[in-house]
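Pasted below: target-v2.txt, compact mmCIF, C-alpha atoms and all ligand atoms.
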# COMPACT_ATOMS: atom_id res chain seq x y z
CA MET A 1 8.32 12.95 -7.09
CA ALA A 2 11.49 11.10 -6.04
CA GLY A 3 11.64 7.34 -6.56
CA GLN A 4 9.75 5.40 -3.90
CA PHE A 5 10.58 2.01 -2.44
CA ILE A 6 7.59 -0.19 -1.63
CA THR A 7 7.86 -3.66 -0.12
CA PHE A 8 5.32 -6.48 0.06
CA GLU A 9 5.61 -8.74 3.10
CA GLY A 10 3.76 -11.55 4.84
CA GLY A 11 3.63 -15.33 5.10
CA GLU A 12 3.55 -17.85 2.28
CA GLY A 13 0.64 -18.19 -0.14
CA ALA A 14 -0.97 -14.82 0.60
CA GLY A 15 -0.85 -13.66 -3.04
CA LYS A 16 1.96 -11.10 -2.69
CA THR A 17 3.63 -11.94 -5.99
CA THR A 18 0.44 -11.57 -8.05
CA GLN A 19 -0.49 -8.36 -6.26
CA ALA A 20 2.99 -6.87 -6.66
CA LYS A 21 2.67 -7.36 -10.42
CA MET A 22 -0.82 -5.80 -10.44
CA LEU A 23 0.44 -2.74 -8.57
CA ALA A 24 3.47 -2.39 -10.86
CA ASP A 25 1.13 -2.49 -13.90
CA ALA A 26 -1.20 0.09 -12.33
CA LEU A 27 1.71 2.48 -11.67
CA GLU A 28 3.16 1.98 -15.15
CA ALA A 29 -0.30 2.75 -16.60
CA VAL A 30 -0.15 6.25 -15.05
CA GLY A 31 3.38 6.84 -16.34
CA VAL A 32 5.49 5.88 -13.30
CA GLU A 33 8.60 3.87 -14.22
CA THR A 34 8.32 0.85 -11.92
CA ILE A 35 10.83 -1.92 -11.24
CA LEU A 36 9.37 -5.14 -9.90
CA THR A 37 11.80 -7.31 -8.00
CA ARG A 38 11.99 -9.90 -5.22
CA GLU A 39 14.02 -11.20 -2.29
CA PRO A 40 15.99 -13.21 -1.78
CA GLY A 41 17.04 -12.41 -5.34
CA GLY A 42 16.64 -9.60 -7.84
CA THR A 43 20.23 -9.60 -9.16
CA PHE A 44 22.35 -12.37 -10.66
CA GLY A 45 24.38 -12.86 -7.47
CA ALA A 46 21.38 -12.65 -5.15
CA GLU A 47 19.44 -15.18 -7.25
CA SER A 48 22.36 -17.62 -6.81
CA ILE A 49 22.15 -17.14 -3.04
CA ARG A 50 18.36 -17.66 -3.26
CA LYS A 51 18.93 -21.20 -4.50
CA LEU A 52 21.28 -21.90 -1.60
CA VAL A 53 18.83 -20.72 1.06
CA LEU A 54 15.58 -22.09 -0.33
CA GLU A 55 16.65 -25.55 -1.41
CA GLY A 56 17.56 -28.52 0.75
CA THR A 57 16.49 -29.68 4.17
CA ASP A 58 15.13 -27.43 6.89
CA ASP A 59 18.28 -27.85 9.03
CA ARG A 60 20.69 -27.04 6.19
CA TRP A 61 21.81 -23.70 7.73
CA SER A 62 22.06 -22.38 11.26
CA GLY A 63 19.91 -19.34 11.99
CA MET A 64 22.86 -16.95 11.83
CA THR A 65 24.24 -18.44 8.61
CA GLU A 66 20.82 -18.11 7.02
CA LEU A 67 20.58 -14.48 8.17
CA LEU A 68 24.01 -13.63 6.73
CA LEU A 69 23.12 -15.26 3.41
CA MET A 70 19.92 -13.17 3.29
CA TYR A 71 21.90 -10.00 3.98
CA ALA A 72 24.62 -10.89 1.45
CA ALA A 73 21.87 -11.24 -1.16
CA ARG A 74 20.16 -8.05 0.05
CA LEU A 75 23.30 -5.91 -0.12
CA ASP A 76 23.97 -6.97 -3.71
CA HIS A 77 20.31 -6.25 -4.57
CA VAL A 78 20.29 -2.81 -2.93
CA GLU A 79 23.65 -1.71 -4.35
CA LYS A 80 23.16 -2.94 -7.90
CA LEU A 81 19.44 -2.63 -8.54
CA ILE A 82 17.36 -0.82 -5.91
CA LYS A 83 19.43 2.29 -5.18
CA PRO A 84 20.34 3.00 -8.84
CA ALA A 85 16.64 2.74 -9.79
CA LEU A 86 15.52 5.06 -6.97
CA GLU A 87 18.26 7.54 -7.84
CA ARG A 88 16.98 7.90 -11.40
CA GLY A 89 13.44 8.49 -10.05
CA ALA A 90 11.93 5.04 -10.68
CA TRP A 91 9.69 3.32 -8.17
CA VAL A 92 10.76 -0.09 -6.89
CA ILE A 93 8.36 -2.76 -5.66
CA SER A 94 10.07 -5.66 -3.91
CA ASP A 95 8.30 -8.93 -3.15
CA ARG A 96 9.84 -9.25 0.37
CA PHE A 97 12.68 -7.28 1.96
CA SER A 98 14.24 -6.85 5.42
CA ASP A 99 11.03 -7.37 7.43
CA SER A 100 11.14 -10.97 6.19
CA SER A 101 14.55 -11.39 7.84
CA LEU A 102 13.14 -9.92 11.04
CA ALA A 103 10.13 -12.26 10.98
CA TYR A 104 11.75 -15.48 9.71
CA GLN A 105 15.32 -15.34 11.07
CA GLY A 106 14.58 -13.08 14.06
CA TYR A 107 11.20 -14.04 15.52
CA ALA A 108 10.91 -17.59 14.21
CA ARG A 109 14.50 -18.92 14.20
CA ASP A 110 15.37 -17.97 17.78
CA LEU A 111 18.07 -15.45 16.84
CA GLY A 112 15.90 -12.73 18.29
CA ALA A 113 14.72 -9.55 16.60
CA ASP A 114 17.45 -7.42 18.23
CA THR A 115 20.25 -9.45 16.62
CA VAL A 116 18.60 -9.09 13.23
CA ARG A 117 18.20 -5.34 13.75
CA GLN A 118 21.91 -5.07 14.64
CA VAL A 119 22.97 -6.91 11.48
CA HIS A 120 20.56 -4.75 9.51
CA ASP A 121 22.09 -1.55 10.88
CA VAL A 122 25.63 -2.69 10.06
CA VAL A 123 24.79 -3.78 6.50
CA MET A 124 22.04 -1.35 5.48
CA GLY A 125 22.54 1.70 7.70
CA GLY A 126 19.37 3.79 7.65
CA PHE A 127 18.13 2.46 4.29
CA ALA A 128 14.46 1.43 4.60
CA PRO A 129 11.32 1.15 2.46
CA ASP A 130 9.04 4.18 2.13
CA LEU A 131 5.97 1.95 2.46
CA THR A 132 5.56 -1.70 3.47
CA LEU A 133 2.37 -3.68 2.93
CA VAL A 134 1.98 -6.76 5.12
CA PHE A 135 -0.35 -9.36 3.61
CA ASP A 136 -2.25 -10.92 6.46
CA MET A 137 -4.24 -14.12 6.14
CA ASP A 138 -5.30 -17.26 7.99
CA VAL A 139 -2.31 -19.65 8.17
CA PHE A 140 -4.23 -22.82 7.41
CA LEU A 141 -5.72 -21.29 4.23
CA SER A 142 -2.45 -19.85 3.03
CA LEU A 143 -0.55 -23.14 3.48
CA LYS A 144 -3.28 -24.93 1.53
CA ARG A 145 -2.71 -22.45 -1.28
CA VAL A 146 1.04 -23.11 -1.22
CA GLU A 147 0.55 -26.88 -1.46
CA GLN A 148 -2.01 -26.49 -4.24
CA ARG A 149 0.27 -24.18 -6.24
CA ALA A 150 3.24 -26.55 -5.84
CA SER A 151 1.25 -29.55 -7.06
CA GLU A 152 -0.32 -27.63 -9.99
CA GLN A 153 3.06 -26.30 -11.13
CA ASP A 154 4.89 -29.52 -10.28
CA GLU A 155 7.30 -27.58 -8.04
CA SER A 156 8.87 -28.77 -4.81
CA LEU A 157 8.18 -26.92 -1.55
CA SER A 158 10.95 -24.62 -0.26
CA ARG A 159 12.69 -25.17 3.11
CA PHE A 160 10.34 -22.55 4.59
CA ASP A 161 7.16 -23.93 3.00
CA LYS A 162 7.89 -27.25 4.72
CA ALA A 163 8.42 -25.76 8.19
CA GLY A 164 4.93 -26.55 9.55
CA GLN A 165 1.91 -24.67 10.88
CA ALA A 166 3.37 -23.58 14.24
CA PHE A 167 6.31 -21.91 12.45
CA HIS A 168 3.93 -20.12 10.09
CA ARG A 169 1.70 -18.95 12.93
CA THR A 170 4.80 -17.41 14.53
CA ILE A 171 5.55 -15.68 11.23
CA ARG A 172 2.04 -14.24 11.05
CA GLU A 173 2.29 -12.86 14.60
CA ALA A 174 5.77 -11.52 13.84
CA PHE A 175 4.56 -9.44 10.90
CA LEU A 176 1.61 -8.12 12.92
CA ASP A 177 4.05 -7.08 15.67
CA ILE A 178 6.37 -5.42 13.13
CA ALA A 179 3.37 -3.43 11.85
CA ARG A 180 2.31 -2.43 15.39
CA ARG A 181 5.81 -1.14 16.15
CA ASP A 182 6.17 0.93 12.96
CA PRO A 183 2.65 2.02 11.97
CA GLU A 184 3.82 4.97 9.85
CA ARG A 185 5.73 2.75 7.41
CA VAL A 186 4.04 -0.65 7.74
CA LYS A 187 0.36 -1.14 6.81
CA ILE A 188 -1.60 -4.38 7.12
CA VAL A 189 -3.63 -5.57 4.13
CA ASP A 190 -6.34 -8.20 4.54
CA ALA A 191 -5.18 -10.75 1.91
CA ASP A 192 -8.35 -12.84 1.96
CA GLY A 193 -10.60 -12.20 -1.04
CA SER A 194 -10.58 -12.06 -4.82
CA LYS A 195 -7.57 -10.64 -6.66
CA PRO A 196 -9.44 -7.43 -7.66
CA ALA A 197 -10.69 -6.95 -4.08
CA VAL A 198 -7.19 -7.24 -2.61
CA HIS A 199 -5.80 -5.01 -5.40
CA ALA A 200 -8.38 -2.35 -4.48
CA ARG A 201 -7.29 -2.52 -0.81
CA ILE A 202 -3.68 -2.01 -1.87
CA LEU A 203 -4.55 0.99 -4.02
CA GLY A 204 -6.41 2.36 -0.99
CA LYS A 205 -3.26 2.12 1.17
CA LEU A 206 -1.18 3.64 -1.63
CA THR A 207 -3.44 6.66 -2.10
CA GLU A 208 -3.51 7.24 1.68
CA LYS A 209 0.25 7.69 1.51
CA TYR A 210 0.37 9.37 -1.92
CA PRO A 211 -2.90 11.35 -2.21
CA GLU A 212 -1.81 12.73 -5.61
CA PHE A 213 -2.74 9.32 -7.07
CA ALA A 214 -6.32 9.39 -5.78
CA GLY A 215 -8.71 8.56 -8.62
CA ARG A 216 -5.85 8.04 -11.11
CA LEU A 217 -4.80 4.45 -10.42
CA SER A 218 -7.05 1.80 -11.94
CA GLY A 219 -9.51 0.65 -9.28
CA ALA A 220 -8.64 3.59 -6.93
P1 LIG B 301 9.00 -16.53 -1.70
O1 LIG B 301 9.76 -15.65 -2.62
O2 LIG B 301 8.29 -17.63 -2.37
O3 LIG B 301 8.15 -15.79 -0.73
O4 LIG B 301 10.10 -17.34 -0.84
C1 LIG B 301 11.06 -16.74 -0.11
C2 LIG B 301 11.22 -17.50 1.17
O5 LIG B 301 12.38 -17.01 1.86
C3 LIG B 301 10.05 -17.32 2.13
O6 LIG B 301 9.75 -18.55 2.73
C4 LIG B 301 10.58 -16.39 3.17
C5 LIG B 301 12.06 -16.62 3.17
N1 LIG B 301 12.83 -15.43 3.52
C6 LIG B 301 13.50 -15.40 4.74
O7 LIG B 301 13.43 -16.33 5.51
N2 LIG B 301 14.23 -14.28 5.06
C7 LIG B 301 14.36 -13.20 4.22
O8 LIG B 301 15.03 -12.21 4.55
C8 LIG B 301 13.66 -13.27 2.95
C9 LIG B 301 13.76 -12.11 2.00
C10 LIG B 301 12.92 -14.40 2.65

Would you write the structure of this file as structure tokens?
Amino acid sequence: MAGQFITFEGGEGAGKTTQAKMLADALEAVGVETILTREPGGTFGAESIRKLVLEGTDDRWSGMTELLLMYAARLDHVEKLIKPALERGAWVISDRFSDSSLAYQGYARDLGADTVRQVHDVVMGGFAPDLTLVFDMDVFLSLKRVEQRASEQDESLSRFDKAGQAFHRTIREAFLDIARRDPERVKIVDADGSKPAVHARILGKLTEKYPEFAGRLSGA
């Protein structure tokens, strides 16, 4: 099978990063070369841009500047890492991709989804994930998880983590709307539950799309 591009999306603190790693391990265990990456980031240049957009005060960038920084990082990531991996037949799992720009810079930052789609078309053309999993979870619970993780790991909150509950409720609704508009590509995963329970839900979505994996992936 050709390389497949799978993205994990959703609000903060929903467990995407842990689950992306669990899925990458499950695919590797059945012999699929899998590249695990993230956005903003994934390449040297894009990780430098990540620092610029995540650190500092909430009003550091205008909505459009933030969007262009995200797309500058994304283009570097796609050109240098994602497309070469897919071309050699590897699978790529990215912890966030363009639906995050649509939700955060489009729906939540007042630029509007249409502007984000236009920038996307100019920069990315028709390039899109084969499958997108949206992690959906109660906003209050997920923000509690973010604060807990930051204090346990002695990390500071990012500009987005600090944006408040109303912002994060908008983000949740945005991702649900994105899934409603593109149900073939975008599937919603209930992110509430133990790690193995959520992992099993993800394997369920994966085997719906790729039935050849049914019964082969651990937990499927
Ligand atoms: P995370 O890697 O911890 O999820 O942090 C990335 C943050 O960046 C998260 O708050 C969402 C935000 N973000 C955007 O606003 N737009 C984007 O296009 C991407 C990829 C991330």

- May I have the residues within 9 Å of ligand LIG 301 (chain B), computed using all atoms listed in the file, as a count of residues only? 36

- Task: May I ask which of the residues A:Leu68, A:His77, A:Met1, A:Phe175 is the closest one to Phe44 of chain A, counting all atoms listed in the file?
- Result: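 Of A:Leu68, A:His77, A:Met1, A:Phe175, the one nearest Phe44 of chain A, counting all atoms listed in the file, is A:His77.
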
- Counting only C-alpha atoms, which of A:Thr170, A:Ser94, A:Thr132, A:Thr18 gets nearest to Leu206 of chain A?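 Answer, going by the shortest atom-to-atom distance: A:Thr132.
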
- Item | Residues within 12 Å of Gln148 of chain A, all atoms listed in the file, excluding chain neighbours under 6 positions, as number ranges by chain | A: 13, 141-142, 154-157, 161

- What is the atom CA of Glu55 of chain A-atom CA of Glu152 of chain A distance in Å, reported with one decimal?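 Separating atom CA of Glu55 of chain A from atom CA of Glu152 of chain A is a distance of 19.1 Å.
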
- Task: Pick out the closest residue to Arg117 of chain A from this set: A:Ala214, A:Ile178, A:Ile188, A:Ala14. Count all atoms listed in the file.
- Result: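 Going through A:Ala214, A:Ile178, A:Ile188, A:Ala14 one by one, the smallest distance to Arg117 of chain A is for A:Ile178.
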
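Atom CA of Trp91 of chain A is found 6.2 Å from atom CA of Glu33 of chain A.
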
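Protein, DNA and RNA residues at most 12 Å from (3.2, 10.5, -1.2), with all atoms listed in the file, are these: Met1, Ala2, Gly3, Gln4, Phe5, Ile6, Trp91, Asp130, Leu131, Arg185, Lys205, Leu206, Thr207, Glu208, Lys209, Tyr210, Pro211, Glu212, Phe213 and Ala214 of chain A.
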
- Note on the structure: Using all atoms listed in the file, the best pick from A:Ala72, A:Val139, A:Ala90, A:Ala163 as closest to His120 of chain A would be A:Ala72

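With distances restricted to all atoms listed in the file, A:Leu143 is the closest residue to Gln165 of chain A from A:Gln118, A:Ile49, A:Leu143, A:Glu184.
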
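Considering only C-alpha atoms, the residue among A:Ile93, A:Arg60, A:Val189, A:Thr65 positioned nearest to Thr37 of chain A is A:Ile93.
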
- Quick one: residues within 12 Å of (1.9, -3.2, -12.0) (file frame), counting only C-alpha atoms, please, as a ChimeraX atom specification. /A:17-37,91-94,199,202-203,217-218

Edge lengths and centre, in Å to one decimal, as JSON: that's what I need for the box along x, y and z that holds all listed atoms of segment 80-90 of chain A plus 5 Å on each side.
{"center_x": 17.5, "center_y": 2.8, "center_z": -8.3, "size_x": 21.2, "size_y": 21.4, "size_z": 16.2}

- Message: As an exercise, work out the distance from atom CA of Ala46 of chain A to atom CA of Val78 of chain A in Å and give it to one decimal place.
- Response: 10.1 Å
